[in-house]
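Trainee: For reference, the file work-v5.csv (CSV, C-alpha atoms and all ligand atoms) is included below:
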chain,number,residue,atom,x,y,z
A,211,MET,CA,24.8,-4.7,-11.9
A,212,GLN,CA,21.9,-5.7,-9.8
A,213,ASN,CA,18.4,-5.1,-11.0
A,214,PRO,CA,17.8,-1.4,-9.9
A,215,PHE,CA,14.0,-1.7,-10.0
A,216,LYS,CA,12.1,-2.5,-6.8
A,217,TYR,CA,8.4,-3.1,-6.2
A,218,GLY,CA,6.2,-4.5,-3.5
A,219,GLN,CA,8.2,-2.9,-0.8
A,220,ILE,CA,8.9,0.5,0.8
A,221,VAL,CA,11.5,2.4,-1.2
A,222,THR,CA,13.8,5.1,0.3
A,223,GLY,CA,17.0,6.9,-0.5
A,224,SER,CA,18.3,6.4,-4.1
A,225,ASP,CA,15.4,4.1,-4.8
A,226,PHE,CA,12.9,6.9,-4.0
A,227,CYS,CA,12.0,9.2,-6.9
A,228,PRO,CA,11.9,12.7,-5.2
A,229,ARG,CA,8.5,14.2,-4.6
A,230,PRO,CA,9.6,17.4,-2.9
A,231,GLU,CA,6.3,19.1,-2.4
A,232,LEU,CA,4.7,16.1,-0.8
A,233,ILE,CA,7.7,15.3,1.4
A,234,ARG,CA,7.9,18.9,2.5
A,235,GLN,CA,4.3,18.9,3.5
A,236,LEU,CA,4.6,15.7,5.5
A,237,GLU,CA,7.8,16.9,7.2
A,238,GLU,CA,6.1,20.0,8.3
A,239,HIS,CA,3.2,18.1,9.9
A,240,ILE,CA,5.7,15.8,11.6
A,241,LYS,CA,7.7,18.8,12.9
A,242,SER,CA,4.6,20.3,14.5
A,243,GLY,CA,3.5,17.0,16.1
A,244,GLN,CA,0.4,17.0,13.9
A,245,ASN,CA,-1.6,13.8,13.2
A,246,VAL,CA,-2.1,13.1,9.5
A,247,VAL,CA,-4.3,10.7,7.5
A,248,VAL,CA,-2.8,9.7,4.2
A,249,TYR,CA,-5.2,8.6,1.4
A,250,GLY,CA,-4.3,7.1,-1.9
A,251,GLU,CA,-4.7,4.1,-4.2
A,252,ARG,CA,-2.7,0.9,-3.8
A,253,ARG,CA,1.0,1.0,-4.9
A,254,VAL,CA,0.9,4.7,-5.4
A,255,GLY,CA,3.7,5.2,-2.9
A,256,LYS,CA,2.0,6.1,0.3
A,257,SER,CA,4.1,4.0,2.7
A,258,SER,CA,7.3,5.0,1.0
A,259,ALA,CA,6.6,8.8,1.0
A,260,VAL,CA,5.5,8.7,4.7
A,261,TYR,CA,8.6,6.6,5.7
A,262,GLN,CA,11.0,8.8,3.7
A,263,ALA,CA,9.5,11.9,5.4
A,264,ALA,CA,9.9,10.3,8.8
A,265,ILE,CA,13.5,9.3,8.1
A,266,ASN,CA,14.2,12.9,7.1
A,267,SER,CA,12.7,14.1,10.4
A,268,LYS,CA,15.7,13.4,12.7
A,269,PRO,CA,16.1,13.1,15.7
A,270,ARG,CA,12.7,11.5,15.4
A,271,ILE,CA,12.8,8.0,14.2
A,272,PRO,CA,9.9,6.1,12.4
A,273,LEU,CA,8.0,3.5,14.3
A,274,LEU,CA,6.2,1.6,11.5
A,275,ILE,CA,3.2,-0.5,12.6
A,276,ASP,CA,1.5,-2.6,10.0
A,277,PHE,CA,-2.2,-3.2,10.5
A,278,MET,CA,-2.5,-5.4,7.4
A,279,GLY,CA,-4.7,-8.4,8.0
A,280,ILE,CA,-5.1,-8.1,11.8
A,281,LYS,CA,-8.0,-10.0,13.1
A,282,SER,CA,-7.8,-9.7,16.9
A,283,ILE,CA,-6.8,-7.3,19.6
A,284,ASP,CA,-4.2,-9.8,20.5
A,285,ALA,CA,-2.7,-9.5,17.0
A,286,LEU,CA,-2.9,-5.7,17.2
A,287,ILE,CA,-0.9,-5.6,20.4
A,288,LYS,CA,1.7,-8.0,19.0
A,289,ARG,CA,2.2,-5.9,15.9
A,290,ILE,CA,2.9,-2.8,18.0
A,291,LEU,CA,5.3,-4.7,20.2
A,292,LYS,CA,6.9,-6.2,17.1
A,293,ALA,CA,7.4,-2.7,15.7
A,294,LEU,CA,9.0,-1.6,19.0
A,295,ILE,CA,11.5,-4.5,19.1
A,296,ALA,CA,12.4,-4.0,15.5
A,297,GLN,CA,14.2,-0.8,16.8
A,298,LYS,CA,17.9,-0.9,17.6
A,299,ASP,CA,18.0,-0.8,21.4
A,300,LYS,CA,16.5,-4.3,21.8
A,301,GLN,CA,17.8,-5.0,25.3
A,302,GLY,CA,16.3,-1.9,27.0
A,303,MET,CA,13.2,-2.2,24.9
A,304,MET,CA,12.5,-5.8,25.9
A,305,THR,CA,13.0,-5.0,29.6
A,306,SER,CA,10.4,-2.2,29.5
A,307,ILE,CA,8.0,-4.2,27.5
A,308,LEU,CA,8.2,-7.2,29.8
A,309,LYS,CA,7.8,-4.9,32.8
A,310,LYS,CA,4.8,-3.1,31.4
A,311,PHE,CA,3.1,-6.2,30.3
A,312,ALA,CA,4.0,-8.5,33.2
A,313,ALA,CA,0.3,-9.4,33.6
A,314,ILE,CA,0.0,-11.1,30.2
A,315,ARG,CA,3.4,-12.8,30.5
A,316,PRO,CA,5.0,-12.0,27.2
A,317,THR,CA,7.8,-14.2,26.0
A,318,LEU,CA,10.1,-13.6,23.1
A,319,SER,CA,11.2,-16.6,21.2
A,320,LEU,CA,13.2,-17.3,18.0
A,321,ASP,CA,11.5,-19.3,15.3
A,322,PRO,CA,14.0,-22.0,14.5
A,323,VAL,CA,13.0,-22.2,10.8
A,324,THR,CA,12.9,-18.5,9.9
A,325,SER,CA,15.2,-17.2,12.6
A,326,MET,CA,12.7,-14.4,13.2
A,327,SER,CA,11.7,-13.3,16.7
A,328,THR,CA,8.1,-13.7,17.7
A,329,PHE,CA,6.1,-12.7,20.7
A,330,SER,CA,3.8,-15.0,22.5
A,331,PHE,CA,1.5,-14.3,25.4
A,332,ASP,CA,0.3,-16.6,28.1
A,333,ALA,CA,-2.6,-18.2,26.4
A,334,SER,CA,-4.6,-18.4,29.6
A,335,VAL,CA,-4.7,-14.6,30.0
A,336,GLU,CA,-7.3,-12.8,28.1
A,337,ILE,CA,-6.1,-9.7,26.4
A,338,LYS,CA,-8.5,-6.9,26.8
A,339,ALA,CA,-9.0,-3.9,24.6
A,340,GLU,CA,-7.5,-1.7,27.4
A,341,SER,CA,-4.1,-3.2,26.7
A,342,ILE,CA,-4.2,-1.0,23.6
A,343,SER,CA,-3.9,2.1,25.7
A,344,GLU,CA,-1.0,0.5,27.7
A,345,VAL,CA,0.9,-0.3,24.6
A,346,ILE,CA,0.4,3.2,23.1
A,347,ASP,CA,1.5,4.7,26.5
A,348,LEU,CA,4.6,2.6,26.2
A,349,ILE,CA,5.5,4.4,23.0
A,350,LYS,CA,5.6,7.7,24.8
A,351,ASP,CA,7.4,6.2,27.8
A,352,LEU,CA,10.1,4.8,25.6
A,353,TYR,CA,10.6,7.7,23.2
A,354,GLY,CA,9.3,10.8,24.8
A,355,ASP,CA,7.6,13.5,22.7
A,356,LYS,CA,10.4,14.4,20.3
A,357,LYS,CA,12.0,11.2,19.3
A,358,VAL,CA,9.4,9.3,17.3
A,359,VAL,CA,7.0,9.4,14.4
A,360,VAL,CA,4.3,6.7,14.6
A,361,ILE,CA,3.1,5.3,11.3
A,362,MET,CA,0.0,3.1,11.4
A,363,ASP,CA,0.0,1.5,7.9
A,364,GLU,CA,-3.1,-0.2,6.3
A,365,PHE,CA,-5.0,1.4,9.2
A,366,GLN,CA,-8.4,0.5,7.7
A,367,ASP,CA,-7.8,-3.1,8.6
A,368,ILE,CA,-8.6,-2.2,12.2
A,369,LEU,CA,-12.3,-2.3,11.1
A,370,ASP,CA,-12.0,-6.1,10.7
A,371,LEU,CA,-11.4,-6.6,14.5
A,372,PRO,CA,-14.3,-7.9,16.5
A,373,GLY,CA,-15.2,-4.8,18.6
A,374,SER,CA,-13.4,-2.5,16.2
A,375,ARG,CA,-15.4,0.5,17.4
A,376,GLU,CA,-14.2,0.0,21.0
A,377,ALA,CA,-10.6,-0.5,19.8
A,378,LEU,CA,-10.9,2.7,17.8
A,379,ALA,CA,-12.3,4.7,20.7
A,380,ILE,CA,-9.6,3.6,23.0
A,381,LEU,CA,-6.9,4.3,20.4
A,382,ARG,CA,-8.3,7.7,19.8
A,383,SER,CA,-8.5,8.7,23.4
A,384,VAL,CA,-4.9,7.6,24.3
A,385,ILE,CA,-3.4,9.2,21.1
A,386,GLN,CA,-5.2,12.4,21.8
A,387,TYR,CA,-3.2,13.0,25.0
A,388,GLN,CA,0.1,12.5,23.2
A,389,THR,CA,-0.2,15.9,21.6
A,390,ASN,CA,3.4,16.2,20.5
A,391,ILE,CA,3.9,12.8,18.9
A,392,PRO,CA,2.9,12.8,15.2
A,393,TYR,CA,0.7,9.8,14.3
A,394,ILE,CA,0.4,9.1,10.6
A,395,PHE,CA,-2.5,6.9,9.6
A,396,VAL,CA,-2.1,5.4,6.1
A,397,GLY,CA,-4.7,3.4,4.2
A,398,SER,CA,-5.4,2.1,0.8
A,399,ILE,CA,-9.1,1.3,0.8
A,400,ARG,CA,-10.8,4.6,0.5
A,401,HIS,CA,-14.4,3.9,1.7
A,402,LYS,CA,-13.0,2.2,4.8
A,403,MET,CA,-10.6,5.1,5.6
A,404,SER,CA,-13.5,7.5,5.1
A,405,ALA,CA,-15.7,5.5,7.5
A,406,ILE,CA,-13.0,6.1,10.1
A,407,PHE,CA,-12.0,9.7,9.5
A,408,ILE,CA,-15.0,11.3,7.7
A,409,ASP,CA,-18.1,9.8,9.3
A,410,SER,CA,-19.2,12.1,12.0
A,411,ASP,CA,-20.0,9.3,14.5
A,412,SER,CA,-16.6,7.7,14.2
A,413,PRO,CA,-14.2,8.2,17.2
A,414,PHE,CA,-11.5,9.4,14.7
A,415,PHE,CA,-13.8,12.0,13.0
A,416,LYS,CA,-11.7,14.9,12.0
A,417,SER,CA,-8.8,13.8,14.2
A,418,ALA,CA,-6.1,14.2,11.6
A,419,ILE,CA,-5.1,16.4,8.7
A,420,PRO,CA,-5.8,14.7,5.4
A,421,VAL,CA,-3.1,14.4,2.8
A,422,GLU,CA,-4.0,12.9,-0.6
A,423,ILE,CA,-1.3,11.0,-2.5
A,424,GLU,CA,-1.5,10.9,-6.3
A,425,PRO,CA,0.8,9.0,-8.7
A,426,ILE,CA,4.2,10.7,-9.2
A,427,PRO,CA,3.9,13.0,-12.2
A,428,ALA,CA,4.7,11.0,-15.3
A,429,ASP,CA,7.5,13.3,-16.6
A,430,GLU,CA,9.3,13.3,-13.3
A,431,PHE,CA,9.0,9.6,-12.7
A,432,GLY,CA,9.9,9.0,-16.4
A,433,VAL,CA,13.2,10.8,-15.9
A,434,PHE,CA,13.9,8.7,-12.8
A,435,ILE,CA,13.2,5.5,-14.6
A,436,GLU,CA,15.1,6.5,-17.7
A,437,LYS,CA,18.2,7.3,-15.6
A,438,LYS,CA,18.1,3.8,-14.0
A,439,PHE,CA,18.1,2.1,-17.4
A,440,THR,CA,20.9,4.4,-18.7
A,441,GLU,CA,23.0,3.7,-15.6
A,442,GLY,CA,22.6,0.0,-16.4
A,443,LYS,CA,23.6,0.6,-20.0
A,444,ARG,CA,20.2,-0.1,-21.5
A,445,LYS,CA,18.9,2.3,-24.1
A,446,ILE,CA,15.3,3.4,-23.9
A,447,ARG,CA,13.5,6.1,-25.8
A,448,ARG,CA,11.0,8.5,-24.3
A,449,GLU,CA,8.0,7.1,-26.3
A,450,ARG,CA,8.8,3.6,-24.9
A,451,ILE,CA,8.7,4.9,-21.3
A,452,ASP,CA,5.4,6.5,-22.0
A,453,ARG,CA,4.2,3.2,-23.3
A,454,LEU,CA,5.3,1.5,-20.0
A,455,PHE,CA,3.4,4.1,-18.0
A,456,GLU,CA,0.3,3.4,-20.1
A,457,ILE,CA,0.5,-0.4,-19.6
A,458,ALA,CA,1.0,0.1,-15.8
A,459,GLY,CA,-1.9,2.5,-15.6
A,460,ASN,CA,0.5,5.2,-14.3
A,461,ILE,CA,0.8,3.5,-10.9
A,462,PRO,CA,4.4,3.8,-9.5
A,463,GLY,CA,4.6,0.2,-8.1
A,464,ASP,CA,3.3,-1.3,-11.3
A,465,VAL,CA,5.7,0.8,-13.5
A,466,GLN,CA,8.5,-0.5,-11.3
A,467,GLN,CA,7.3,-4.1,-11.6
A,468,LEU,CA,7.3,-3.8,-15.4
A,469,CYS,CA,10.7,-2.2,-15.4
A,470,GLU,CA,12.0,-5.0,-13.1
A,471,ALA,CA,10.9,-7.5,-15.7
A,472,LEU,CA,12.3,-5.5,-18.6
A,473,TRP,CA,15.6,-5.4,-16.9
A,474,ALA,CA,15.5,-9.2,-16.4
A,475,VAL,CA,14.9,-9.9,-20.1
A,476,THR,CA,17.6,-7.5,-21.4
A,477,LYS,CA,21.4,-7.2,-21.2
A,478,GLU,CA,23.8,-4.4,-21.2
A,479,LYS,CA,24.0,-2.4,-24.5
A,480,GLU,CA,20.6,-3.6,-25.6
A,481,SER,CA,17.9,-1.2,-26.4
A,482,ILE,CA,14.3,-1.5,-25.2
A,483,ASP,CA,11.7,-1.7,-27.9
A,484,ALA,CA,8.3,-3.2,-28.5
A,485,GLU,CA,9.8,-6.7,-28.6
A,486,GLU,CA,11.5,-6.4,-25.2
A,487,ILE,CA,8.3,-5.0,-23.7
A,488,LYS,CA,6.4,-8.0,-25.0
A,489,SER,CA,9.0,-10.4,-23.4
A,490,ALA,CA,8.8,-8.5,-20.1
A,491,LEU,CA,5.0,-8.8,-20.1
A,492,GLU,CA,5.3,-12.5,-20.8
A,493,LEU,CA,7.7,-12.9,-17.9
A,494,ILE,CA,5.1,-11.2,-15.6
A,495,PHE,CA,2.3,-13.3,-17.0
A,496,SER,CA,4.3,-16.5,-16.3
A,497,ARG,CA,4.9,-15.4,-12.8
A,498,GLU,CA,1.3,-14.5,-12.2
A,499,ARG,CA,-0.6,-16.9,-14.4
A,500,SER,CA,-2.0,-19.1,-11.6
A,501,ALA,CA,-3.5,-16.1,-10.0
A,502,TYR,CA,-5.1,-15.0,-13.2
A,503,GLU,CA,-6.5,-18.5,-13.9
A,504,ASN,CA,-8.0,-18.4,-10.4
A,505,TYR,CA,-9.7,-15.1,-11.1
A,506,VAL,CA,-11.2,-16.5,-14.3
A,507,ARG,CA,-12.5,-19.6,-12.5
A,508,LEU,CA,-14.2,-17.4,-9.9
A,509,ILE,CA,-16.4,-15.5,-12.4
A,510,THR,CA,-19.4,-16.2,-14.6
A,511,GLY,CA,-19.6,-15.8,-18.3
A,512,MET,CA,-21.6,-12.5,-18.0
A,513,GLN,CA,-19.0,-11.2,-15.5
A,514,MET,CA,-16.2,-12.1,-18.0
A,515,LYS,CA,-18.0,-10.3,-20.8
A,516,SER,CA,-18.1,-7.1,-18.8
A,517,LEU,CA,-14.5,-7.5,-17.7
A,518,LEU,CA,-13.3,-8.0,-21.2
A,519,ALA,CA,-15.3,-5.0,-22.4
A,520,ILE,CA,-13.6,-2.8,-19.7
A,521,ALA,CA,-10.2,-4.3,-20.5
A,522,GLY,CA,-10.6,-3.3,-24.2
A,523,ARG,CA,-12.6,-0.1,-24.0
A,524,GLY,CA,-11.6,1.4,-20.6
A,525,GLY,CA,-14.0,1.7,-17.7
A,526,LYS,CA,-15.5,5.1,-18.2
A,527,SER,CA,-19.3,5.6,-18.6
A,528,ILE,CA,-20.0,1.9,-18.7
A,529,PHE,CA,-23.7,2.4,-18.3
A,530,SER,CA,-23.9,4.4,-21.6
A,531,ASN,CA,-25.9,2.7,-24.4
A,532,GLU,CA,-22.8,2.6,-26.5
A,533,PHE,CA,-20.8,0.6,-23.9
A,534,MET,CA,-23.6,-1.7,-23.0
A,535,LYS,CA,-24.2,-2.5,-26.6
A,536,ALA,CA,-20.5,-3.2,-27.2
A,537,ALA,CA,-20.3,-5.4,-24.1
A,538,GLY,CA,-23.5,-7.3,-25.1
A,539,PHE,CA,-25.7,-6.1,-22.2
A,540,THR,CA,-29.3,-4.9,-22.7
A,541,ASN,CA,-30.0,-4.3,-19.1
A,542,ALA,CA,-28.1,-1.9,-16.8
A,543,SER,CA,-29.0,-3.6,-13.6
A,544,SER,CA,-27.5,-6.9,-14.8
A,545,LEU,CA,-24.3,-5.1,-15.8
A,546,LYS,CA,-24.3,-3.4,-12.4
A,547,ARG,CA,-24.5,-6.8,-10.6
A,548,CYS,CA,-21.5,-8.1,-12.6
A,549,ILE,CA,-19.5,-5.0,-11.8
A,550,ASN,CA,-20.3,-5.3,-8.1
A,551,ARG,CA,-19.1,-8.9,-8.1
A,552,LEU,CA,-15.9,-7.9,-9.9
A,553,THR,CA,-15.2,-5.1,-7.4
A,554,ASP,CA,-16.0,-7.5,-4.5
A,555,LEU,CA,-13.5,-9.9,-5.9
A,556,ASN,CA,-11.0,-7.0,-6.0
A,557,LEU,CA,-10.5,-7.3,-9.7
A,558,LEU,CA,-11.8,-3.8,-10.4
A,559,PHE,CA,-12.1,-0.7,-8.3
A,560,ASP,CA,-14.0,2.5,-8.7
A,561,TYR,CA,-11.7,5.4,-9.4
A,562,LYS,CA,-13.9,8.6,-9.3
A,563,GLY,CA,-16.6,6.9,-11.3
A,564,GLU,CA,-14.3,5.0,-13.7
A,565,TYR,CA,-13.8,1.3,-13.3
A,566,ARG,CA,-10.1,0.3,-13.3
A,567,PHE,CA,-8.2,-3.0,-13.0
A,568,VAL,CA,-6.6,-3.5,-9.6
A,569,ASN,CA,-3.8,-5.4,-11.5
A,570,PRO,CA,-3.0,-3.7,-14.8
A,571,PHE,CA,-1.1,-6.8,-15.9
A,572,PHE,CA,-4.2,-9.0,-15.6
A,573,ARG,CA,-5.8,-6.5,-17.9
A,574,ALA,CA,-2.9,-6.9,-20.4
A,575,TRP,CA,-3.1,-10.6,-20.1
A,576,LEU,CA,-6.8,-10.6,-20.9
A,577,ILE,CA,-6.2,-8.3,-23.9
A,578,ALA,CA,-3.3,-10.5,-25.1
A,579,GLY,CA,-5.6,-13.5,-25.0
A,580,LEU,CA,-8.1,-11.6,-27.2
A,581,SER,CA,-5.7,-10.8,-30.0
A,601,LIG,N1,8.8,7.8,-4.8
A,601,LIG,C1,9.0,6.6,-5.4
A,601,LIG,N2,10.0,6.4,-6.2
A,601,LIG,C2,10.1,5.2,-6.9
A,601,LIG,N3,9.3,4.2,-6.7
A,601,LIG,C3,8.2,4.3,-5.9
A,601,LIG,C4,8.0,5.5,-5.2
A,601,LIG,N4,6.9,5.4,-4.5
A,601,LIG,C5,6.4,4.1,-4.8
A,601,LIG,N5,7.2,3.5,-5.6
A,601,LIG,C6,7.0,2.1,-6.2
A,601,LIG,O1,5.7,1.7,-5.7
A,601,LIG,C7,5.9,0.5,-4.9
A,601,LIG,C8,4.9,0.5,-3.8
A,601,LIG,O2,5.2,1.6,-2.9
A,601,LIG,P1,4.5,1.8,-1.5
A,601,LIG,O3,5.1,3.0,-0.9
A,601,LIG,O4,4.5,0.5,-0.8
A,601,LIG,O5,3.0,2.1,-2.0
A,601,LIG,P2,1.6,2.1,-1.2
A,601,LIG,O6,2.0,2.2,0.3
A,601,LIG,O7,0.9,3.3,-1.7
A,601,LIG,O8,0.9,0.8,-1.5
A,601,LIG,C9,7.4,0.6,-4.4
A,601,LIG,O9,7.9,-0.7,-4.1
A,601,LIG,C10,8.0,1.2,-5.7
A,601,LIG,O10,8.1,0.2,-6.7
A,602,MG,MG,1.6,0.8,1.8
Could I get this file's structure written as structure tokens?

Mentor:
Amino acid sequence: MQNPFKYGQIVTGSDFCPRPELIRQLEEHIKSGQNVVVYGERRVGKSSAVYQAAINSKPRIPLLIDFMGIKSIDALIKRILKALIAQKDKQGMMTSILKKFAAIRPTLSLDPVTSMSTFSFDASVEIKAESISEVIDLIKDLYGDKKVVVIMDEFQDILDLPGSREALAILRSVIQYQTNIPYIFVGSIRHKMSAIFIDSDSPFFKSAIPVEIEPIPADEFGVFIEKKFTEGKRKIRRERIDRLFEIAGNIPGDVQQLCEALWAVTKEKESIDAEEIKSALELIFSRERSAYENYVRLITGMQMKSLLAIAGRGGKSIFSNEFMKAAGFTNASSLKRCINRLTDLNLLFDYKGEYRFVNPFFRAWLIAGLS
């Protein structure tokens, strides 16, 4: 039997642990053509939930556009075109795309190494921000009002575009006329998503209904995980599953990553105990070690002290006398500077006033090194 645990990708169907209330809510918004903004931490299951709800909303089909890492308008347009050609009816799609964008002379070519199709534009033609409205119009031309759900994932990365404000303004104005097409904006970096949807001077201010995604309740997700192990003839007790959730900080993607490793280090008929959990963590450490060593190289001794203290004691009330004393700080402002650097490096993040590790396995690795 193949490893049933999947992480780092969108999961649907039997890989998707049911979240009926959330899915029902998303489906209802989709049905009424409502625009939605989805907030939630990384790896909590935002993309999967939105995608699953979109799949359930036939005859609409999901058009998934990934904004991750885009740095130019050019790249943005290409991502949207790429999402369009990923759909089935390639031939008709290409013809419409080529017609609409004749001015920028798009060509589709096959990369000989990866066999993936890529778009390129005539380099001598400057792509202007107005092309954004053309490409969004194209979505409606191609699908009409009732046949598509547009998902804009990692939407906050649009802020990294030069002229992002203009891009946002154009996007907002063209989307606002497509009243019956649901647009779902998904993002993982809270302060950036807030800057887009909550700041009153942003073009997207109050333009979509907010939906907050929390981790899957541990008892429901625990049953789902337990069933996968049982189907694969591995025995695991409830307390052990609780322990996995604790190590993974309750984040679904991290729980699955740990389970994937547990599966890899065990065989049929074996049971999962402390020993197996230790081997699974060691497997993860060996896969990720070079990244951890890089983090360590990037930080100073003081920053390391504060990181180790948070790893060991948790990241609540870190400016209390007790915490500062334990961490070896006498001065709150120097601790604050360390923490700022650690959040800038994306090692820690602020979760409602508590500092948490972005990667719970890095935390486990630090603790393992301490003992
Ligand atoms: N409903 C779910 N059932 C099972 N695993 C899930 C579920 N949602 C998320 N996951 C796990 O989390 C990982 C990341 O999910 P994803 O939807 O990409 O999260 P996000 O978009 O919030 O970063 C998945 O690969 C999977 O391991
Ligand atoms: Mg995602």

Trainee: Under the rule that only C-alpha atoms are counted, which of A:Ala264, A:Ala312, A:Ala578, A:Ala471 is the nearest residue to A:Lys357?

Mentor: A:Ala264

Trainee: How would you write, as a PyMOL selection string, the set of residues no farther than 6 Å from ligand LIG 601 (chain A) when counting only C-alpha atoms and all ligand atoms?

Mentor: chain A and resi 216-221+225-228+252-258+462-463+466

Trainee: Name all residues at most 9 Å from stretch 303-311 of chain A (count all atoms listed in the file; drop same-chain ones fewer than 4 positions away) and give them as a list in words.

Mentor: Leu291, Leu294, Ile295, Gln297, Lys298, Asp299, Arg315, Pro316, Thr317, Leu318, Ser341, Glu344, Val345, Leu348 and Leu352 of chain A

Trainee: Just to be explicit: take each residue in the selection above, keep C-alpha atoms, and write the result as a PDB file, in the frame of the given file.

Mentor:
ATOM      1  CA  LEU A 291       5.300  -4.700  20.200  1.00  0.00           C
ATOM      2  CA  LEU A 294       9.000  -1.600  19.000  1.00  0.00           C
ATOM      3  CA  ILE A 295      11.500  -4.500  19.100  1.00  0.00           C
ATOM      4  CA  GLN A 297      14.200  -0.800  16.800  1.00  0.00           C
ATOM      5  CA  LYS A 298      17.900  -0.900  17.600  1.00  0.00           C
ATOM      6  CA  ASP A 299      18.000  -0.800  21.400  1.00  0.00           C
ATOM      7  CA  ARG A 315       3.400 -12.800  30.500  1.00  0.00           C
ATOM      8  CA  PRO A 316       5.000 -12.000  27.200  1.00  0.00           C
ATOM      9  CA  THR A 317       7.800 -14.200  26.000  1.00  0.00           C
ATOM     10  CA  LEU A 318      10.100 -13.600  23.100  1.00  0.00           C
ATOM     11  CA  SER A 341      -4.100  -3.200  26.700  1.00  0.00           C
ATOM     12  CA  GLU A 344      -1.000   0.500  27.700  1.00  0.00           C
ATOM     13  CA  VAL A 345       0.900  -0.300  24.600  1.00  0.00           C
ATOM     14  CA  LEU A 348       4.600   2.600  26.200  1.00  0.00           C
ATOM     15  CA  LEU A 352      10.100   4.800  25.600  1.00  0.00           C
TER      16      LEU A 352
END

Trainee: In terms of the shortest atom-to-atom distance over all atoms listed in the file, which of A:Lys350, A:Leu236, A:Phe571, A:Gln388 is closest to A:Ser496?

Mentor: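 Using all atoms listed in the file, the shortest distance to A:Ser496 belongs to A:Phe571.
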
Trainee: Would you mind telling me which residue in A:Ser224, A:Val358, A:Tyr261, A:Phe414 lies nearest to ligand MG 602 (chain A) when using all atoms listed in the file?

Mentor: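 Of the candidates, the smallest distance to ligand MG 602 (chain A) is held by A:Tyr261.
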
Trainee: Quick one, how far is atom CA of A:Ser343 from atom CA of A:Ala296?

Mentor: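 According to the coordinates, atom CA of A:Ser343 and atom CA of A:Ala296 are separated by 20.2 Å.
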
Trainee: Can you tell me how far atom CA of A:Trp575 sits from atom CA of A:Glu498, in Å to one decimal?

Mentor: 9.8 Å

Trainee: Between A:Asp363, A:Leu557, A:Lys515, A:Lys488, which is the closest to A:Phe539 once you count all atoms listed in the file?

Mentor: A:Lys515

Trainee: Name the closest residue to ligand MG 602 (chain A) among the candidates A:Ala418, A:Arg289, A:Val260, A:Ser412; distances are taken between atoms, counting only C-alpha atoms and all ligand atoms.

Mentor: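 Counting only C-alpha atoms and all ligand atoms, the residue closest to ligand MG 602 (chain A) is A:Val260.
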
Trainee: Just give me the gap between atom CA of A:Ser404 and atom CA of A:Ala259 in Å, one decimal is fine.

Mentor: 20.6 Å

Trainee: Quick one: residues within 9 Å of A:Ile346, only C-alpha atoms counted, chain neighbours fewer than 3 positions away excluded, as an MDAnalysis selection string?

Mentor: chainID A and resid 290 341:343 349:351 381 384:385

Trainee: Of the candidates A:Glu251, A:Asp409, A:Glu231, A:Glu456, which shows the shortest atom-to-atom distance to A:Lys562, using all atoms listed in the file?

Mentor: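 Of the candidates, the smallest distance to A:Lys562 is held by A:Glu251.
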
Trainee: Considering only C-alpha atoms, return as a list in words whatever protein or nucleic-acid residues lie within 12 Å of A:Lys479, sequence-local ones (same chain, fewer than 3 positions apart) excluded.

Mentor: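 My list of contacting residues is Phe439, Thr440, Glu441, Gly442, Lys443, Arg444, Lys445, Ile446, Trp473, Thr476 and Ile482 of chain A.
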